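Peer 1: For reference, this is structure.txt, and it has compact mmCIF, C-alpha atoms.
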# COMPACT_ATOMS: atom_id res chain seq x y z
CA MET A 1 74.18 134.37 115.26
CA LYS A 2 72.69 135.61 111.98
CA SER A 3 74.19 132.71 110.06
CA GLN A 4 72.49 130.25 112.41
CA GLY A 5 69.16 132.01 111.80
CA ILE A 6 69.64 131.84 108.03
CA ILE A 7 70.57 128.16 108.29
CA ALA A 8 67.40 127.54 110.33
CA ILE A 9 65.24 129.26 107.67
CA ILE A 10 66.87 127.28 104.84
CA VAL A 11 66.44 124.00 106.73
CA ALA A 12 62.79 124.90 107.45
CA LEU A 13 62.05 125.64 103.78
CA ILE A 14 63.79 122.50 102.51
CA GLY A 15 62.12 120.35 105.14
CA PHE A 16 58.68 121.88 104.55
CA LEU A 17 58.94 121.36 100.77
CA THR A 18 60.27 117.80 101.15
CA PHE A 19 57.59 116.76 103.65
CA THR A 20 54.82 118.39 101.61
CA LEU A 21 55.96 116.59 98.45
CA LEU A 22 56.06 113.29 100.37
CA LEU A 23 52.52 113.93 101.61
CA LEU A 24 51.26 114.79 98.13
CA ALA A 25 52.97 111.68 96.71
CA GLU A 26 51.23 109.70 99.45
CA LYS A 27 54.56 108.37 100.76
CA ILE A 28 53.62 109.51 104.27
CA GLY A 29 50.30 109.97 106.01
CA THR A 30 48.88 113.05 107.67
CA PRO A 31 49.99 112.02 111.21
CA GLY A 32 53.55 111.38 109.93
CA TYR A 33 53.52 114.74 108.11
CA LEU A 34 52.43 116.57 111.27
CA PHE A 35 55.05 114.75 113.32
CA LEU A 36 57.82 115.63 110.84
CA LEU A 37 56.72 119.27 110.72
CA SER A 38 56.72 119.41 114.53
CA LEU A 39 60.19 117.92 114.66
CA LEU A 40 61.38 120.33 111.96
CA SER A 41 59.93 123.28 113.90
CA LEU A 42 61.73 122.19 117.02
CA VAL A 43 65.05 121.85 115.15
CA CYS A 44 64.61 125.26 113.53
CA VAL A 45 63.97 126.89 116.89
CA VAL A 46 66.90 125.16 118.58
CA VAL A 47 69.54 125.85 115.89
CA PRO A 48 69.59 129.68 116.32
CA VAL A 49 69.71 129.46 120.13
CA LEU A 50 72.16 126.55 120.33
CA GLY A 51 74.94 128.80 121.61
CA ARG A 52 72.74 130.15 124.38
CA LEU A 53 71.80 126.68 125.63
CA LYS A 54 75.18 126.45 127.37
CA GLU A 55 73.97 128.93 130.00
CA PHE A 56 70.65 129.23 131.77
CA ASP A 57 69.66 132.48 133.50
CA VAL A 58 66.63 132.17 135.75
CA LYS A 59 66.10 135.39 137.71
CA ASN A 60 69.85 136.06 138.09
CA LEU A 61 70.57 132.42 138.92
CA LYS A 62 73.16 131.39 136.37
CA LEU A 63 74.14 127.80 135.86
CA THR A 64 76.89 127.25 133.32
CA LEU A 65 78.14 123.95 132.04
CA GLU A 66 81.68 124.98 132.98
CA LYS A 67 80.65 125.41 136.61
CA ILE A 68 78.96 122.01 136.56
CA GLU A 69 82.23 120.45 135.35
CA GLN A 70 84.10 122.28 138.12
CA ALA A 71 81.62 120.94 140.68
CA LYS A 72 82.16 117.41 139.35
CA GLY A 73 85.89 117.84 139.94
CA GLU A 74 85.27 119.01 143.50
CA ILE A 75 83.00 116.04 144.14
CA TYR A 76 85.70 113.69 142.87
CA ALA A 77 88.24 115.31 145.20
CA LYS A 78 85.83 114.87 148.13
CA GLU A 79 85.38 111.21 147.16
CA GLU A 80 89.13 110.65 147.31
CA SER A 81 89.23 112.37 150.70
CA LEU A 82 86.39 110.16 151.92
CA LYS A 83 88.29 107.06 150.80
CA GLU A 84 91.38 108.15 152.71
CA ILE A 85 89.35 108.90 155.82
CA SER A 86 87.67 105.52 155.55
CA TYR A 87 91.05 103.84 155.26
CA ILE A 88 92.28 105.59 158.39
CA LEU A 89 89.10 104.47 160.17
CA SER A 90 89.79 100.92 159.02
CA GLU A 91 93.31 101.15 160.44
CA LEU A 92 91.90 102.25 163.77
CA ILE A 93 89.38 99.42 163.83
CA ALA A 94 92.06 96.88 162.85
CA ALA A 95 94.40 98.03 165.61
CA ASN A 96 91.57 98.09 168.13
CA SER A 97 90.26 94.67 167.16
CA THR A 98 93.67 93.14 167.83
CA LEU A 99 93.13 93.75 171.52
CA THR A 100 89.36 93.07 171.53
CA GLY A 101 88.21 89.83 173.11
CA MET A 102 91.34 89.33 175.17
CA TRP A 103 89.21 89.03 178.34
CA GLY A 104 86.92 86.38 176.87
CA ASP A 105 87.74 82.80 176.11
CA GLU A 106 89.81 81.65 173.14
CA ASN A 107 86.79 81.22 170.85
CA SER A 108 85.27 84.63 171.57
CA SER A 109 88.61 86.28 170.87
CA LYS A 110 89.17 84.28 167.68
CA TYR A 111 85.69 84.84 166.25
CA SER A 112 85.41 88.51 167.21
CA LYS A 113 88.74 89.21 165.52
CA ALA A 114 87.73 87.22 162.44
CA LEU A 115 84.39 89.03 162.22
CA VAL A 116 85.96 92.46 162.48
CA LYS A 117 88.73 91.49 160.05
CA ASN A 118 86.17 90.33 157.47
CA LYS A 119 84.17 93.54 157.85
CA ILE A 120 87.29 95.66 157.41
CA LYS A 121 88.30 93.72 154.28
CA LYS A 122 84.78 94.12 152.86
CA LEU A 123 84.82 97.86 153.55
CA CYS A 124 88.25 98.26 151.97
CA LEU A 125 87.29 96.27 148.88
CA LYS A 126 84.15 98.40 148.50
CA LEU A 127 86.32 101.52 148.68
CA GLY A 128 88.70 100.13 146.06
CA ILE A 129 91.71 100.03 148.36
CA PRO A 130 94.56 97.90 146.94
CA LYS A 131 95.10 94.45 148.48
CA GLU A 132 98.61 95.37 149.68
CA LYS A 133 97.23 98.23 151.75
CA ILE A 134 94.48 95.99 153.13
CA ASP A 135 97.08 93.42 154.20
CA ASP A 136 99.11 96.19 155.84
CA LEU A 137 96.10 97.01 158.03
CA PHE A 138 96.62 93.80 159.99
CA LYS A 139 100.33 94.27 160.79
CA TYR A 140 99.60 94.70 164.51
CA GLU A 141 97.59 91.49 164.63
CA ARG A 142 100.35 89.59 162.81
CA ALA A 143 103.01 90.98 165.15
CA LEU A 144 100.99 90.05 168.26
CA LYS A 145 100.32 86.56 166.92
CA GLU A 146 104.04 86.11 166.22
CA LEU A 147 104.88 87.36 169.70
CA GLN A 148 102.80 84.59 171.28
CA GLN A 149 105.08 81.94 169.76
CA TYR A 150 108.08 82.95 171.85
CA LYS A 151 109.01 82.25 175.50
CA GLY A 152 111.37 83.79 178.04
CA GLU A 153 113.99 86.31 176.96
CA GLU A 154 113.14 85.92 173.28
CA ARG A 155 109.52 86.87 174.10
CA LYS A 156 110.70 90.00 175.95
CA LYS A 157 112.76 90.97 172.90
CA LYS A 158 109.80 90.40 170.56
CA TRP A 159 107.54 92.30 172.99
CA GLN A 160 109.86 95.32 172.67
CA GLU A 161 109.69 95.01 168.88
CA PHE A 162 105.89 94.94 169.14
CA ILE A 163 105.92 98.04 171.37
CA GLU A 164 108.21 99.76 168.86
CA LEU A 165 105.77 98.91 166.05
CA LEU A 166 102.96 100.43 168.12
CA ARG A 167 105.09 103.53 168.87
CA VAL A 168 105.91 104.06 165.19
CA GLY A 169 102.22 103.75 164.35
CA ALA A 170 101.32 106.19 167.11
CA ASP A 171 103.93 108.71 165.93
CA GLU A 172 102.78 108.74 162.29
CA ASN A 173 101.65 112.24 161.30
CA THR A 174 99.68 111.17 158.25
Would you put the structure from the file into structure tokens?
Peer 2:
Amino acid sequence: MKSQGIIAIIVALIGFLTFTLLLLAEKIGTPGYLFLLSLLSLVCVVVPVLGRLKEFDVKNLKLTLEKIEQAKGEIYAKEESLKEISYILSELIAANSTLTGMWGDENSSKYSKALVKNKIKKLCLKLGIPKEKIDDLFKYERALKELQQYKGEERKKKWQEFIELLRVGADENT
């Protein structure tokens, strides 16, 4: 701490002499001289207390830079959690939208599904979710669409596969 004080005094003396000589040699004007002296004063005050600037104590309220960095880490962890929660919400919406509009006509079903699908994709892209995971969101819709192509016994078999896909999705713990 003493060495920083000595350094501040030496810098102040050198700066004062240099700026005064520049003023006397008419290399700088009075406003420039006053500005440089003000800047020099500020530097000389800051140098000795530089170590103490890492911590502020205002009536027993301490805020350290280390704690700020720790808080940043916690915020990042919460952001990742929020992304995962948003993804799960998107999965729920995607599964739900597969069955939405089934009571309306063909156009209402088609457009309501397309609208919801576009919104889900937009949300996922905003959250930075990889394209593969976004495509996986619509596995129920793809399976149902595929199911509609079959007739008779083959359709019953595909319907069981669809039910199994739903069951596996319902049994997921994560």
Peer 1: Could you name the residues that touch region 105-121 of chain A at 12 Å or less, counting only C-alpha atoms, but leaving out those on the same chain fewer than 6 positions away, as a tab-separated table (two decimals) with C-alpha atoms, in the frame of the given file?
Peer 2:
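Contents of selection_8.tsv, as written:
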chain	number	residue	atom	x	y	z
A	86	SER	CA	87.67	105.52	155.55
A	87	TYR	CA	91.05	103.84	155.26
A	88	ILE	CA	92.28	105.59	158.39
A	89	LEU	CA	89.10	104.47	160.17
A	90	SER	CA	89.79	100.92	159.02
A	91	GLU	CA	93.31	101.15	160.44
A	92	LEU	CA	91.90	102.25	163.77
A	93	ILE	CA	89.38	99.42	163.83
A	94	ALA	CA	92.06	96.88	162.85
A	95	ALA	CA	94.40	98.03	165.61
A	96	ASN	CA	91.57	98.09	168.13
A	97	SER	CA	90.26	94.67	167.16
A	98	THR	CA	93.67	93.14	167.83
A	99	LEU	CA	93.13	93.75	171.52
A	127	LEU	CA	86.32	101.52	148.68
A	128	GLY	CA	88.70	100.13	146.06
A	129	ILE	CA	91.71	100.03	148.36
A	130	PRO	CA	94.56	97.90	146.94
A	131	LYS	CA	95.10	94.45	148.48
A	132	GLU	CA	98.61	95.37	149.68
A	133	LYS	CA	97.23	98.23	151.75
A	134	ILE	CA	94.48	95.99	153.13
A	135	ASP	CA	97.08	93.42	154.20
A	136	ASP	CA	99.11	96.19	155.84
A	137	LEU	CA	96.10	97.01	158.03
A	138	PHE	CA	96.62	93.80	159.99
A	139	LYS	CA	100.33	94.27	160.79
A	141	GLU	CA	97.59	91.49	164.63
A	142	ARG	CA	100.35	89.59	162.81
A	145	LYS	CA	100.32	86.56	166.92
Peer 1: Just give me the gap between CA of Cys124 (chain A) and CA of Ala170 (chain A) in Å, one decimal is fine.
Peer 2: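 Atom-to-atom, CA of Cys124 (chain A) and CA of Ala170 (chain A) are spaced 21.5 Å apart.
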Peer 1: Can you tell me, as a list in words, what residues are no more than 10 Å from Ala8 (chain A) when counting only C-alpha atoms, ignoring any on the same chain fewer than 3 positions away?
Peer 2: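 After dropping sequence-adjacent residues, the list is Lys2, Ser3, Gln4, Gly5, Val11, Ala12, Leu13, Ile14, Leu40, Ser41, Val43, Cys44, Val45, Val46, Val47 and Pro48 of chain A.
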Peer 1: Could you write out that same residue set with C-alpha atoms as a CSV table (one decimal), in the coordinates of the input?
Peer 2:
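Output (again-v6.csv):
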chain,number,residue,atom,x,y,z
A,2,LYS,CA,72.7,135.6,112.0
A,3,SER,CA,74.2,132.7,110.1
A,4,GLN,CA,72.5,130.2,112.4
A,5,GLY,CA,69.2,132.0,111.8
A,11,VAL,CA,66.4,124.0,106.7
A,12,ALA,CA,62.8,124.9,107.4
A,13,LEU,CA,62.0,125.6,103.8
A,14,ILE,CA,63.8,122.5,102.5
A,40,LEU,CA,61.4,120.3,112.0
A,41,SER,CA,59.9,123.3,113.9
A,43,VAL,CA,65.0,121.8,115.2
A,44,CYS,CA,64.6,125.3,113.5
A,45,VAL,CA,64.0,126.9,116.9
A,46,VAL,CA,66.9,125.2,118.6
A,47,VAL,CA,69.5,125.8,115.9
A,48,PRO,CA,69.6,129.7,116.3
Peer 1: Counting all atoms listed in the file, what is within 10 Å of Leu166 (chain A), bar same-chain residues fewer than 3 positions away, as a VMD selection string?
Peer 2: chain A and resid 95 139 to 140 143 160 to 163 169 to 171
Peer 1: What is the distance, in Å and to one decimal place, between CA of Thr20 (chain A) and CA of Leu39 (chain A)?
Peer 2: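 Computed distance, CA of Thr20 (chain A) to CA of Leu39 (chain A), equals 14.1 Å.
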Peer 1: What does the distance from CA of Leu36 (chain A) to CA of Leu23 (chain A) come to in Å, to one decimal?
Peer 2: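 Answer for the CA of Leu36 (chain A) to CA of Leu23 (chain A) separation: 10.8 Å.
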Peer 1: Any chance you could work out the axis-aligned box around region 155-167 of chain A, listed atoms only, 8 Å on each side, giving centre and edge lengths in Å to one decimal, as AutoDock Vina command-line options?
Peer 2:
--center_x 107.9 --center_y 95.2 --center_z 171.0 --size_x 25.8 --size_y 32.7 --size_z 25.9
